[in-house]
>>> print(open('work.pdb').read())   # PDB, C-alpha atoms
ATOM      1  CA  MET A   4     -10.755   5.783 -12.916
ATOM      2  CA  SER A   5     -13.575   7.295 -14.797
ATOM      3  CA  MET A   6     -12.784   9.481 -17.749
ATOM      4  CA  SER A   7     -16.175  11.166 -17.757
ATOM      5  CA  VAL A   8     -16.241  14.925 -17.923
ATOM      6  CA  THR A   9     -17.270  16.393 -14.608
ATOM      7  CA  PRO A  10     -18.067  20.051 -14.057
ATOM      8  CA  ARG A  11     -15.858  21.931 -11.636
ATOM      9  CA  HIS A  12     -17.144  22.272  -8.083
ATOM     10  CA  HIS A  13     -19.183  19.126  -8.558
ATOM     11  CA  PRO A  14     -18.909  16.773  -5.562
ATOM     12  CA  ALA A  15     -17.043  14.297  -7.746
ATOM     13  CA  GLU A  16     -14.496  16.906  -8.717
ATOM     14  CA  ARG A  17     -13.998  17.997  -5.134
ATOM     15  CA  ALA A  18     -13.670  14.394  -3.965
ATOM     16  CA  ARG A  19     -11.074  13.691  -6.640
ATOM     17  CA  VAL A  20      -9.057  16.751  -5.755
ATOM     18  CA  VAL A  21      -9.170  15.894  -2.059
ATOM     19  CA  ALA A  22      -8.147  12.277  -2.705
ATOM     20  CA  LEU A  23      -5.288  13.203  -5.007
ATOM     21  CA  ALA A  24      -4.023  16.079  -2.889
ATOM     22  CA  GLY A  25      -4.309  14.018   0.271
ATOM     23  CA  SER A  26      -2.412  11.114  -1.254
ATOM     24  CA  LEU A  27       0.376  13.313  -2.560
ATOM     25  CA  ALA A  28       0.606  15.213   0.717
ATOM     26  CA  ALA A  29       0.677  11.982   2.695
ATOM     27  CA  THR A  30       3.408  10.537   0.496
ATOM     28  CA  ILE A  31       5.555  13.656   0.690
ATOM     29  CA  GLY A  32       4.954  14.035   4.397
ATOM     30  CA  LEU A  33       5.678  10.407   5.186
ATOM     31  CA  THR A  34       8.812  10.435   3.052
ATOM     32  CA  GLY A  35      10.105  13.461   4.918
ATOM     33  CA  LEU A  36       9.087  12.007   8.258
ATOM     34  CA  LEU A  37      10.840   8.714   7.604
ATOM     35  CA  ALA A  38      13.971  10.484   6.420
ATOM     36  CA  ALA A  39      13.958  12.854   9.376
ATOM     37  CA  HIS A  40      13.425  10.010  11.817
ATOM     38  CA  ALA A  41      16.229   7.970  10.302
ATOM     39  CA  SER A  42      18.471  11.019  10.298
ATOM     40  CA  ALA A  43      17.706  11.696  13.945
ATOM     41  CA  SER A  44      18.363   8.075  14.843
ATOM     42  CA  THR A  45      21.663   8.218  13.005
ATOM     43  CA  THR A  46      22.995  10.735  15.484
ATOM     44  CA  ALA A  47      22.018   8.678  18.517
ATOM     45  CA  PRO A  48      25.037   7.732  20.654
ATOM     46  CA  SER A  49      24.244   4.057  20.590
ATOM     47  CA  ALA A  50      23.806   3.944  16.870
ATOM     48  CA  SER A  51      27.421   3.465  15.923
ATOM     49  CA  THR A  52      27.920   0.748  18.489
ATOM     50  CA  SER A  53      25.448  -1.680  17.063
ATOM     51  CA  PRO A  54      27.203  -5.024  17.139
ATOM     52  CA  SER A  55      25.399  -6.563  14.244
ATOM     53  CA  ALA A  56      25.255  -3.816  11.692
ATOM     54  CA  SER A  57      26.630  -6.079   9.012
ATOM     55  CA  THR A  58      24.262  -8.937   9.530
ATOM     56  CA  ALA A  59      21.590  -9.739   7.028
ATOM     57  CA  PRO A  60      18.083  -8.641   7.969
ATOM     58  CA  SER A  61      15.723 -11.154   9.427
ATOM     59  CA  ALA A  62      12.398 -11.041  11.137
ATOM     60  CA  SER A  63      13.844 -12.487  14.279
ATOM     61  CA  THR A  64      16.587  -9.949  14.697
ATOM     62  CA  ALA A  65      14.519  -7.013  13.595
ATOM     63  CA  GLN A  66      12.191  -7.411  16.528
ATOM     64  CA  GLY A  67      14.668  -6.493  19.178
ATOM     65  CA  GLY A  68      16.081  -3.482  17.440
ATOM     66  CA  SER A  69      19.651  -4.549  18.043
ATOM     67  CA  SER A  70      20.256  -5.431  14.431
ATOM     68  CA  VAL A  71      20.452  -2.569  12.009
ATOM     69  CA  THR A  72      18.635  -3.478   8.852
ATOM     70  CA  PRO A  73      16.450  -1.811   6.302
ATOM     71  CA  ALA A  74      13.587  -3.578   7.962
ATOM     72  CA  ASP A  75      13.874  -1.864  11.295
ATOM     73  CA  ASP A  76      15.449   1.500  10.810
ATOM     74  CA  PHE A  77      12.281   3.209  11.920
ATOM     75  CA  GLY A  78      12.194   3.362  15.657
ATOM     76  CA  SER A  79      15.444   1.592  16.301
ATOM     77  CA  ALA A  80      19.092   2.339  16.254
ATOM     78  CA  VAL A  81      20.673   3.058  12.925
ATOM     79  CA  PRO A  82      24.410   3.131  12.346
ATOM     80  CA  ALA A  83      26.301   6.241  11.501
ATOM     81  CA  SER A  84      25.211   7.849   8.281
ATOM     82  CA  PRO A  85      26.889   6.371   5.252
ATOM     83  CA  LEU A  86      26.670   9.674   3.484
ATOM     84  CA  GLY A  87      30.114  11.114   3.089
ATOM     85  CA  SER A  88      31.717   8.571   5.326
ATOM     86  CA  GLY A  89      32.792   5.898   2.949
ATOM     87  CA  ALA A  90      31.127   2.554   2.653
ATOM     88  CA  PRO A  91      27.491   2.289   3.691
ATOM     89  CA  SER A  92      27.006   0.708   7.067
ATOM     90  CA  TYR A  93      23.799  -1.047   6.090
ATOM     91  CA  PRO A  94      23.934  -4.264   4.111
ATOM     92  CA  GLN A  95      23.735  -3.889   0.365
ATOM     93  CA  THR A  96      22.925  -7.463  -0.483
ATOM     94  CA  PHE A  97      21.355 -10.288   1.371
ATOM     95  CA  SER A  98      21.622 -13.974   1.144
ATOM     96  CA  ARG A  99      18.604 -15.891  -0.013
ATOM     97  CA  GLY A 100      16.309 -17.005   2.699
ATOM     98  CA  SER A 101      17.752 -14.683   5.300
TER      99      SER A 101
ATOM    100  CA  MET B   3      17.903  12.157   2.513
ATOM    101  CA  GLY B   4      20.444  11.739  -0.281
ATOM    102  CA  GLY B   5      20.832   8.344  -1.880
ATOM    103  CA  ARG B   6      18.279   6.745   0.367
ATOM    104  CA  PHE B   7      15.404   8.824  -0.980
ATOM    105  CA  PRO B   8      13.987   5.918  -3.069
ATOM    106  CA  TRP B   9      13.880   3.805   0.087
ATOM    107  CA  TYR B  10      11.833   6.372   1.986
ATOM    108  CA  LEU B  11       9.646   6.994  -1.056
ATOM    109  CA  ALA B  12       9.016   3.255  -1.469
ATOM    110  CA  ARG B  13       7.905   2.990   2.148
ATOM    111  CA  SER B  14       5.672   6.050   2.106
ATOM    112  CA  ALA B  15       4.130   5.205  -1.287
ATOM    113  CA  GLY B  16       3.462   1.677  -0.061
ATOM    114  CA  MET B  17       1.639   2.962   2.989
ATOM    115  CA  VAL B  18      -0.382   5.459   0.938
ATOM    116  CA  ALA B  19      -1.234   2.786  -1.652
ATOM    117  CA  TRP B  20      -2.487   0.489   1.093
ATOM    118  CA  ALA B  21      -4.541   3.312   2.620
ATOM    119  CA  LEU B  22      -6.078   4.115  -0.770
ATOM    120  CA  LEU B  23      -6.845   0.450  -1.368
ATOM    121  CA  THR B  24      -8.510   0.255   2.024
ATOM    122  CA  LEU B  25     -10.572   3.357   1.285
ATOM    123  CA  ALA B  26     -11.606   1.952  -2.095
ATOM    124  CA  VAL B  27     -12.686  -1.338  -0.521
ATOM    125  CA  VAL B  28     -14.558   0.393   2.286
ATOM    126  CA  TRP B  29     -16.212   2.796  -0.164
ATOM    127  CA  GLY B  30     -17.249  -0.090  -2.396
ATOM    128  CA  LEU B  31     -18.710  -1.984   0.537
ATOM    129  CA  LEU B  32     -20.576   1.101   1.723
ATOM    130  CA  MET B  33     -22.099   1.494  -1.722
ATOM    131  CA  SER B  34     -23.083  -2.146  -2.017
ATOM    132  CA  THR B  35     -24.891  -2.123   1.320
ATOM    133  CA  LYS B  36     -27.928  -0.146   2.405
ATOM    134  CA  ILE B  37     -25.872   1.984   4.743
ATOM    135  CA  PHE B  38     -26.164   4.929   2.354
ATOM    136  CA  GLY B  39     -29.909   4.346   2.071
ATOM    137  CA  LYS B  40     -32.043   2.458  -0.376
ATOM    138  CA  ARG B  41     -32.595   5.175  -2.969
ATOM    139  CA  PRO B  42     -30.406   5.321  -6.057
ATOM    140  CA  ARG B  43     -27.040   6.849  -5.310
ATOM    141  CA  PRO B  44     -25.435   9.652  -7.231
ATOM    142  CA  ALA B  45     -22.993   8.502  -9.868
ATOM    143  CA  TRP B  46     -20.148  10.435  -8.273
ATOM    144  CA  LEU B  47     -20.074   7.992  -5.364
ATOM    145  CA  LEU B  48     -19.180   5.211  -7.806
ATOM    146  CA  ASP B  49     -16.835   7.606  -9.552
ATOM    147  CA  LEU B  50     -14.977   8.185  -6.286
ATOM    148  CA  HIS B  51     -14.742   4.430  -5.673
ATOM    149  CA  ARG B  52     -13.118   4.017  -9.073
ATOM    150  CA  TYR B  53     -10.884   6.991  -8.543
ATOM    151  CA  LEU B  54      -9.599   5.630  -5.237
ATOM    152  CA  GLY B  55      -8.862   2.301  -6.897
ATOM    153  CA  GLY B  56      -7.045   4.053  -9.704
ATOM    154  CA  LEU B  57      -5.008   6.104  -7.259
ATOM    155  CA  ALA B  58      -4.134   2.953  -5.322
ATOM    156  CA  THR B  59      -2.837   1.438  -8.552
ATOM    157  CA  ILE B  60      -0.774   4.526  -9.358
ATOM    158  CA  PHE B  61       0.792   4.698  -5.899
ATOM    159  CA  THR B  62       1.495   0.972  -6.062
ATOM    160  CA  GLY B  63       3.387   1.748  -9.252
ATOM    161  CA  VAL B  64       5.338   4.446  -7.431
ATOM    162  CA  HIS B  65       6.058   1.963  -4.632
ATOM    163  CA  VAL B  66       7.394  -0.661  -7.042
ATOM    164  CA  ALA B  67       9.354   1.868  -9.113
ATOM    165  CA  ALA B  68      10.993   3.293  -6.006
ATOM    166  CA  ILE B  69      11.855  -0.216  -4.839
ATOM    167  CA  LEU B  70      13.577  -0.863  -8.152
ATOM    168  CA  LEU B  71      15.499   2.415  -7.942
ATOM    169  CA  ASP B  72      16.517   1.815  -4.375
ATOM    170  CA  ARG B  73      19.989   0.585  -3.563
ATOM    171  CA  TYR B  74      19.328   0.200   0.166
ATOM    172  CA  VAL B  75      17.795  -3.201  -0.454
ATOM    173  CA  THR B  76      18.595  -4.223  -3.993
ATOM    174  CA  PHE B  77      15.607  -5.484  -5.951
ATOM    175  CA  THR B  78      15.585  -6.568  -9.567
ATOM    176  CA  PRO B  79      12.573  -6.593 -11.898
ATOM    177  CA  VAL B  80      12.388 -10.351 -11.413
ATOM    178  CA  ASP B  81      12.220  -9.858  -7.638
ATOM    179  CA  VAL B  82       9.158  -7.627  -7.921
ATOM    180  CA  LEU B  83       7.415  -9.662 -10.604
ATOM    181  CA  VAL B  84       7.963 -13.256  -9.495
ATOM    182  CA  PRO B  85       6.781 -14.437  -6.079
ATOM    183  CA  PHE B  86       9.529 -15.873  -3.873
ATOM    184  CA  ALA B  87      12.259 -14.671  -6.249
ATOM    185  CA  SER B  88      13.374 -11.985  -3.830
ATOM    186  CA  ALA B  89      16.296 -12.777  -1.554
ATOM    187  CA  TRP B  90      14.998 -10.268   0.998
ATOM    188  CA  HIS B  91      12.106 -11.781   2.977
ATOM    189  CA  PRO B  92      10.863 -13.837   0.013
ATOM    190  CA  GLY B  93       7.585 -14.821   1.633
ATOM    191  CA  ALA B  94       6.697 -11.305   2.715
ATOM    192  CA  VAL B  95       7.575  -9.872  -0.692
ATOM    193  CA  ALA B  96       5.564 -12.644  -2.385
ATOM    194  CA  TRP B  97       2.421 -11.342  -0.663
ATOM    195  CA  GLY B  98       3.098  -7.964  -2.226
ATOM    196  CA  VAL B  99       3.691  -9.421  -5.688
ATOM    197  CA  THR B 100       0.443 -11.358  -5.415
ATOM    198  CA  ALA B 101      -1.415  -8.258  -4.267
ATOM    199  CA  MET B 102      -0.040  -6.309  -7.228
ATOM    200  CA  TYR B 103      -1.367  -8.859  -9.705
ATOM    201  CA  LEU B 104      -4.756  -8.994  -7.992
ATOM    202  CA  LEU B 105      -4.953  -5.203  -8.029
ATOM    203  CA  LEU B 106      -4.132  -5.131 -11.727
ATOM    204  CA  ALA B 107      -6.779  -7.758 -12.436
ATOM    205  CA  VAL B 108      -9.456  -5.842 -10.540
ATOM    206  CA  GLU B 109      -8.512  -2.512 -12.084
ATOM    207  CA  LEU B 110      -8.191  -3.727 -15.663
ATOM    208  CA  THR B 111     -11.478  -5.615 -15.593
ATOM    209  CA  SER B 112     -13.164  -2.549 -14.115
ATOM    210  CA  LEU B 113     -11.817  -0.396 -16.906
ATOM    211  CA  ALA B 114     -13.149  -2.940 -19.410
ATOM    212  CA  ARG B 115     -16.377  -3.547 -17.543
ATOM    213  CA  ALA B 116     -18.604  -2.360 -20.370
ATOM    214  CA  ARG B 117     -17.058  -4.983 -22.637
ATOM    215  CA  LEU B 118     -17.166  -7.859 -20.163
ATOM    216  CA  PRO B 119     -20.020 -10.124 -19.126
ATOM    217  CA  ARG B 120     -21.318  -8.980 -15.753
ATOM    218  CA  ASN B 121     -20.561 -12.321 -14.118
ATOM    219  CA  VAL B 122     -16.945 -12.186 -15.254
ATOM    220  CA  TRP B 123     -16.455  -8.659 -13.966
ATOM    221  CA  ARG B 124     -18.206  -9.514 -10.711
ATOM    222  CA  GLY B 125     -16.145 -12.655 -10.180
ATOM    223  CA  VAL B 126     -12.886 -10.815 -10.707
ATOM    224  CA  HIS B 127     -14.073  -7.891  -8.578
ATOM    225  CA  MET B 128     -14.616 -10.296  -5.684
ATOM    226  CA  ALA B 129     -10.835 -10.670  -5.723
ATOM    227  CA  SER B 130     -10.819  -7.308  -3.969
ATOM    228  CA  PHE B 131     -11.298  -9.154  -0.682
ATOM    229  CA  PRO B 132      -8.237 -11.429  -0.991
ATOM    230  CA  LEU B 133      -6.441  -8.423  -2.474
ATOM    231  CA  PHE B 134      -7.050  -6.407   0.675
ATOM    232  CA  ALA B 135      -6.065  -9.362   2.865
ATOM    233  CA  VAL B 136      -2.871 -10.080   0.927
ATOM    234  CA  ALA B 137      -1.867  -6.420   0.758
ATOM    235  CA  THR B 138      -2.381  -6.101   4.493
ATOM    236  CA  LEU B 139      -0.317  -9.223   5.102
ATOM    237  CA  HIS B 140       2.413  -7.785   2.895
ATOM    238  CA  GLY B 141       2.458  -4.600   4.922
ATOM    239  CA  LEU B 142       2.512  -6.423   8.229
ATOM    240  CA  THR B 143       5.250  -8.863   7.209
ATOM    241  CA  ALA B 144       7.462  -6.856   4.867
ATOM    242  CA  GLY B 145       6.707  -3.338   6.000
ATOM    243  CA  THR B 146       9.665  -1.660   7.627
ATOM    244  CA  ASP B 147       7.313   0.142   9.958
ATOM    245  CA  ARG B 148       5.340  -2.899  10.984
ATOM    246  CA  HIS B 149       6.577  -2.601  14.559
ATOM    247  CA  VAL B 150       5.325   0.945  14.909
ATOM    248  CA  MET B 151       2.257   0.890  17.129
ATOM    249  CA  VAL B 152       0.382   3.464  15.075
ATOM    250  CA  ALA B 153       0.840   1.435  11.883
ATOM    251  CA  VAL B 154      -0.285  -1.798  13.529
ATOM    252  CA  SER B 155      -3.281  -0.096  15.122
ATOM    253  CA  VAL B 156      -4.399   1.414  11.817
ATOM    254  CA  ALA B 157      -4.041  -1.964  10.103
ATOM    255  CA  ILE B 158      -6.071  -3.730  12.776
ATOM    256  CA  GLY B 159      -8.736  -1.028  12.615
ATOM    257  CA  ALA B 160      -8.951  -1.289   8.839
ATOM    258  CA  VAL B 161      -9.265  -5.063   8.939
ATOM    259  CA  MET B 162     -12.026  -4.847  11.540
ATOM    260  CA  LEU B 163     -13.890  -2.216   9.515
ATOM    261  CA  VAL B 164     -13.702  -4.229   6.293
ATOM    262  CA  ALA B 165     -14.738  -7.385   8.136
ATOM    263  CA  ALA B 166     -17.711  -5.626   9.733
ATOM    264  CA  LEU B 167     -18.891  -4.109   6.452
ATOM    265  CA  SER B 168     -18.447  -7.451   4.707
ATOM    266  CA  ALA B 169     -20.619  -9.070   7.364
ATOM    267  CA  VAL B 170     -23.289  -6.401   6.846
ATOM    268  CA  ARG B 171     -23.109  -6.934   3.110
ATOM    269  CA  LEU B 172     -23.474 -10.697   3.443
ATOM    270  CA  ALA B 173     -26.348 -10.359   5.885
ATOM    271  CA  GLU B 174     -28.372  -8.230   3.504
ATOM    272  CA  PRO B 175     -30.679 -10.009   1.045
ATOM    273  CA  PRO B 176     -29.663  -9.566  -2.581
ATOM    274  CA  THR B 177     -31.541  -6.894  -4.468
ATOM    275  CA  PRO B 178     -32.187  -6.827  -8.209
ATOM    276  CA  SER B 179     -30.437  -3.531  -8.743
ATOM    277  CA  ARG B 180     -27.512  -2.465  -6.618
ATOM    278  CA  ARG B 181     -25.877  -0.288  -9.170
ATOM    279  CA  PRO B 182     -25.959   3.448  -8.667
ATOM    280  CA  VAL B 183     -27.370   5.741 -11.281
ATOM    281  CA  SER B 184     -24.577   6.076 -13.772
ATOM    282  CA  THR B 185     -24.181   7.604 -17.159
ATOM    283  CA  GLY B 186     -20.788   6.121 -17.951
ATOM    284  CA  ARG B 187     -19.207   2.746 -17.756
ATOM    285  CA  GLY B 188     -20.888   0.324 -15.453
TER     286      GLY B 188
END
>>> encode(input="work.pdb", output="structure tokens")
Amino acid sequence: MSMSVTPRHHPAERARVVALAGSLAATIGLTGLLAAHASASTTAPSASTSPSASTAPSASTAQGGSSVTPADDFGSAVPASPLGSGAPSYPQTFSRGS
Amino acid sequence: MGGRFPWYLARSAGMVAWALLTLAVVWGLLMSTKIFGKRPRPAWLLDLHRYLGGLATIFTGVHVAAILLDRYVTFTPVDVLVPFASAWHPGAVAWGVTAMYLLLAVELTSLARARLPRNVWRGVHMASFPLFAVATLHGLTAGTDRHVMVAVSVAIGAVMLVAALSAVRLAEPPTPSRRPVSTGRG
């Protein structure tokens, strides 16, 4: 990043503002979108019936969407929300090399 | 969102950091080719290139910080600093750790460019290409959203764009002065 003083309304100033505002907006928007999507998936009927919710995440199981892991909770079934319902249903720790 | 907020923030900041890195690389390639024309370019174009790189570094920091705060997948400082130390997808995370170090090298040498020999700065700056490749690999292998068609399509498009601009850059004969008109650091 340059620390040079740039007059307001200069193209550089406008470009910086657009880049910063766009990045912040994208981050906030994506965070909300991901949370909303996961929340919506949580209420899906099939979510709580996932047979392998306690398995460690792996690339092979994430593909099919049948395993509920941090690696595939976007666009696939997610178990019932852990919030307010006791122990989290997603794995907290993983074995090395999983 | 509750206790999983750091997890969502880590994912979104990672995607934004990658997008900013891609923009910085594309902007740098556009400036180093004749696509913008042969005449000297305004200094603010270089300023924007630097700014995008700086923003990419900041959002990478947010990504890593959120990963450390997250309890969805537990990461320790060692996991995010040492390649293959992570228990969760060690290879995929190692790409990200490598990309982080390359990004830091490129950014720090750019900040100190005025104090460095041009060849040293240039050599380190060439690491931007493996940096982009490694960061993209990290996103495609470790990214939670790597199976989302939109994410994969954007990644493929970005790789093709960078590859095409790199080919244009390599095809052009070297010119004595490629630097834009600048009043600040080189």
>>> closest_residue(input="work.pdb", among="A:Arg17, A:Leu33, A:Ala43, A:Ala28", to="chain B", atoms="only C-alpha atoms")
A:Leu33
>>> atom_distance(input="work.pdb", atom1="CA of Arg73 in chain B", atom2="CA of Leu142 in chain B")
22.2 Å
>>> closest_atom_pairs(input="work.pdb", of="chain B", to="chain A", cutoff="8 Å", atoms="all atoms listed in the file", output="CSV")
residue,atom,partner,partner_atom,distance
B:Met3,CA,A:Ala38,CA,5.8
B:Gly4,CA,A:Leu86,CA,7.6
B:Phe7,CA,A:Ala38,CA,7.7
B:Tyr10,CA,A:Thr34,CA,5.2
B:Leu11,CA,A:Thr34,CA,5.4
B:Arg13,CA,A:Thr34,CA,7.6
B:Ser14,CA,A:Thr30,CA,5.3
B:Ala15,CA,A:Thr30,CA,5.7
B:Val18,CA,A:Thr30,CA,6.4
B:Leu22,CA,A:Ser26,CA,7.9
B:Trp46,CA,A:Ala15,CA,5.0
B:Leu47,CA,A:Ala15,CA,7.4
B:Asp49,CA,A:Ser5,CA,6.2
B:Leu50,CA,A:Ala15,CA,6.6
B:Arg52,CA,A:Met4,CA,4.8
B:Tyr53,CA,A:Met4,CA,4.5
B:Leu54,CA,A:Ala22,CA,7.3
B:Gly55,CA,A:Met4,CA,7.2
B:Gly56,CA,A:Met4,CA,5.2
B:Leu57,CA,A:Leu23,CA,7.5
B:Arg73,CA,A:Gln95,CA,7.0
B:Tyr74,CA,A:Gln95,CA,6.0
B:Val75,CA,A:Gln95,CA,6.0
B:Thr76,CA,A:Thr96,CA,6.4
B:Ser88,CA,A:Arg99,CA,7.6
B:Ala89,CA,A:Arg99,CA,4.2
B:Trp90,CA,A:Phe97,CA,6.4
B:His91,CA,A:Gly100,CA,6.7
B:Pro92,CA,A:Gly100,CA,6.8
B:Leu113,CA,A:Met4,CA,7.4
B:Ala144,CA,A:Ala74,CA,7.6
B:Gly145,CA,A:Ala74,CA,7.2
B:Thr146,CA,A:Ala74,CA,4.4
B:Asp147,CA,A:Phe77,CA,6.2
B:His149,CA,A:Gln66,CA,7.7
B:Val150,CA,A:Gly78,CA,7.3
B:Gly186,CA,A:Ser7,CA,6.8
B:Arg187,CA,A:Ser5,CA,7.8
>>> write_last_selection(input="work.pdb", atoms="C-alpha atoms", output="mmCIF file, in the frame of the given file")
data_model
loop_
_atom_site.group_PDB
_atom_site.id
_atom_site.type_symbol
_atom_site.label_atom_id
_atom_site.label_comp_id
_atom_site.auth_asym_id
_atom_site.auth_seq_id
_atom_site.Cartn_x
_atom_site.Cartn_y
_atom_site.Cartn_z
ATOM 1 C CA MET B 3 17.903 12.157 2.513
ATOM 2 C CA GLY B 4 20.444 11.739 -0.281
ATOM 3 C CA PHE B 7 15.404 8.824 -0.980
ATOM 4 C CA TYR B 10 11.833 6.372 1.986
ATOM 5 C CA LEU B 11 9.646 6.994 -1.056
ATOM 6 C CA ARG B 13 7.905 2.990 2.148
ATOM 7 C CA SER B 14 5.672 6.050 2.106
ATOM 8 C CA ALA B 15 4.130 5.205 -1.287
ATOM 9 C CA VAL B 18 -0.382 5.459 0.938
ATOM 10 C CA LEU B 22 -6.078 4.115 -0.770
ATOM 11 C CA TRP B 46 -20.148 10.435 -8.273
ATOM 12 C CA LEU B 47 -20.074 7.992 -5.364
ATOM 13 C CA ASP B 49 -16.835 7.606 -9.552
ATOM 14 C CA LEU B 50 -14.977 8.185 -6.286
ATOM 15 C CA ARG B 52 -13.118 4.017 -9.073
ATOM 16 C CA TYR B 53 -10.884 6.991 -8.543
ATOM 17 C CA LEU B 54 -9.599 5.630 -5.237
ATOM 18 C CA GLY B 55 -8.862 2.301 -6.897
ATOM 19 C CA GLY B 56 -7.045 4.053 -9.704
ATOM 20 C CA LEU B 57 -5.008 6.104 -7.259
ATOM 21 C CA ARG B 73 19.989 0.585 -3.563
ATOM 22 C CA TYR B 74 19.328 0.200 0.166
ATOM 23 C CA VAL B 75 17.795 -3.201 -0.454
ATOM 24 C CA THR B 76 18.595 -4.223 -3.993
ATOM 25 C CA SER B 88 13.374 -11.985 -3.830
ATOM 26 C CA ALA B 89 16.296 -12.777 -1.554
ATOM 27 C CA TRP B 90 14.998 -10.268 0.998
ATOM 28 C CA HIS B 91 12.106 -11.781 2.977
ATOM 29 C CA PRO B 92 10.863 -13.837 0.013
ATOM 30 C CA LEU B 113 -11.817 -0.396 -16.906
ATOM 31 C CA ALA B 144 7.462 -6.856 4.867
ATOM 32 C CA GLY B 145 6.707 -3.338 6.000
ATOM 33 C CA THR B 146 9.665 -1.660 7.627
ATOM 34 C CA ASP B 147 7.313 0.142 9.958
ATOM 35 C CA HIS B 149 6.577 -2.601 14.559
ATOM 36 C CA VAL B 150 5.325 0.945 14.909
ATOM 37 C CA GLY B 186 -20.788 6.121 -17.951
ATOM 38 C CA ARG B 187 -19.207 2.746 -17.756
#
>>> atom_distance(input="work.pdb", atom1="CA of Val82 in chain B", atom2="CA of Ala26 in chain B")
23.6 Å
>>> atom_distance(input="work.pdb", atom1="CA of Asp72 in chain B", atom2="CA of Arg6 in chain B")
7.1 Å
>>> closest_residue(input="work.pdb", among="B:Pro85, B:Pro8, B:Pro119, B:Gly141", to="Ala68 in chain B", atoms="only C-alpha atoms")
B:Pro8
>>> closest_residue(input="work.pdb", among="B:His65, B:His51, B:His127, B:Val99", to="Asp81 in chain B", atoms="all atoms listed in the file")
B:Val99
>>> closest_residue(input="work.pdb", among="B:Leu31, B:Ala165, B:Val156, B:Met102", to="Thr62 in chain B", atoms="all atoms listed in the file")
B:Met102
>>> closest_residue(input="work.pdb", among="B:Met128, B:Ala135, B:Leu70, B:Thr78", to="Met162 in chain B", atoms="only C-alpha atoms")
B:Ala135
>>> decode(input="work.pdb", residues="range 112-123 of chain B", atoms="N, CA and C atoms", output="PDB file, in the first residue's frame")
ATOM      1  N   SER B 112       7.912  -5.336  -1.515  1.00  0.00           N
ATOM      2  CA  SER B 112       7.355  -4.189  -2.237  1.00  0.00           C
ATOM      3  C   SER B 112       7.361  -2.944  -1.364  1.00  0.00           C
ATOM      4  N   LEU B 113       7.069  -3.130  -0.094  1.00  0.00           N
ATOM      5  CA  LEU B 113       7.113  -1.988   0.819  1.00  0.00           C
ATOM      6  C   LEU B 113       8.536  -1.444   0.952  1.00  0.00           C
ATOM      7  N   ALA B 114       9.519  -2.342   0.843  1.00  0.00           N
ATOM      8  CA  ALA B 114      10.920  -1.942   0.995  1.00  0.00           C
ATOM      9  C   ALA B 114      11.613  -1.805  -0.355  1.00  0.00           C
ATOM     10  N   ARG B 115      10.827  -1.628  -1.393  1.00  0.00           N
ATOM     11  CA  ARG B 115      11.395  -1.640  -2.742  1.00  0.00           C
ATOM     12  C   ARG B 115      12.467  -0.563  -2.939  1.00  0.00           C
ATOM     13  N   ALA B 116      12.239   0.602  -2.374  1.00  0.00           N
ATOM     14  CA  ALA B 116      13.193   1.693  -2.561  1.00  0.00           C
ATOM     15  C   ALA B 116      14.549   1.364  -1.952  1.00  0.00           C
ATOM     16  N   ARG B 117      14.561   0.447  -1.003  1.00  0.00           N
ATOM     17  CA  ARG B 117      15.812   0.114  -0.313  1.00  0.00           C
ATOM     18  C   ARG B 117      16.437  -1.177  -0.840  1.00  0.00           C
ATOM     19  N   LEU B 118      15.790  -1.796  -1.804  1.00  0.00           N
ATOM     20  CA  LEU B 118      16.276  -3.081  -2.309  1.00  0.00           C
ATOM     21  C   LEU B 118      16.823  -2.931  -3.723  1.00  0.00           C
ATOM     22  N   PRO B 119      17.824  -3.731  -4.065  1.00  0.00           N
ATOM     23  CA  PRO B 119      18.260  -3.761  -5.463  1.00  0.00           C
ATOM     24  C   PRO B 119      17.098  -4.213  -6.352  1.00  0.00           C
ATOM     25  N   ARG B 120      17.010  -3.627  -7.526  1.00  0.00           N
ATOM     26  CA  ARG B 120      15.868  -3.898  -8.401  1.00  0.00           C
ATOM     27  C   ARG B 120      15.749  -5.392  -8.722  1.00  0.00           C
ATOM     28  N   ASN B 121      16.896  -6.036  -8.932  1.00  0.00           N
ATOM     29  CA  ASN B 121      16.844  -7.462  -9.270  1.00  0.00           C
ATOM     30  C   ASN B 121      16.276  -8.298  -8.123  1.00  0.00           C
ATOM     31  N   VAL B 122      16.604  -7.910  -6.911  1.00  0.00           N
ATOM     32  CA  VAL B 122      16.087  -8.649  -5.749  1.00  0.00           C
ATOM     33  C   VAL B 122      14.575  -8.492  -5.662  1.00  0.00           C
ATOM     34  N   TRP B 123      14.129  -7.221  -5.749  1.00  0.00           N
ATOM     35  CA  TRP B 123      12.688  -6.982  -5.694  1.00  0.00           C
ATOM     36  C   TRP B 123      11.978  -7.732  -6.821  1.00  0.00           C
TER      37      TRP B 123
END
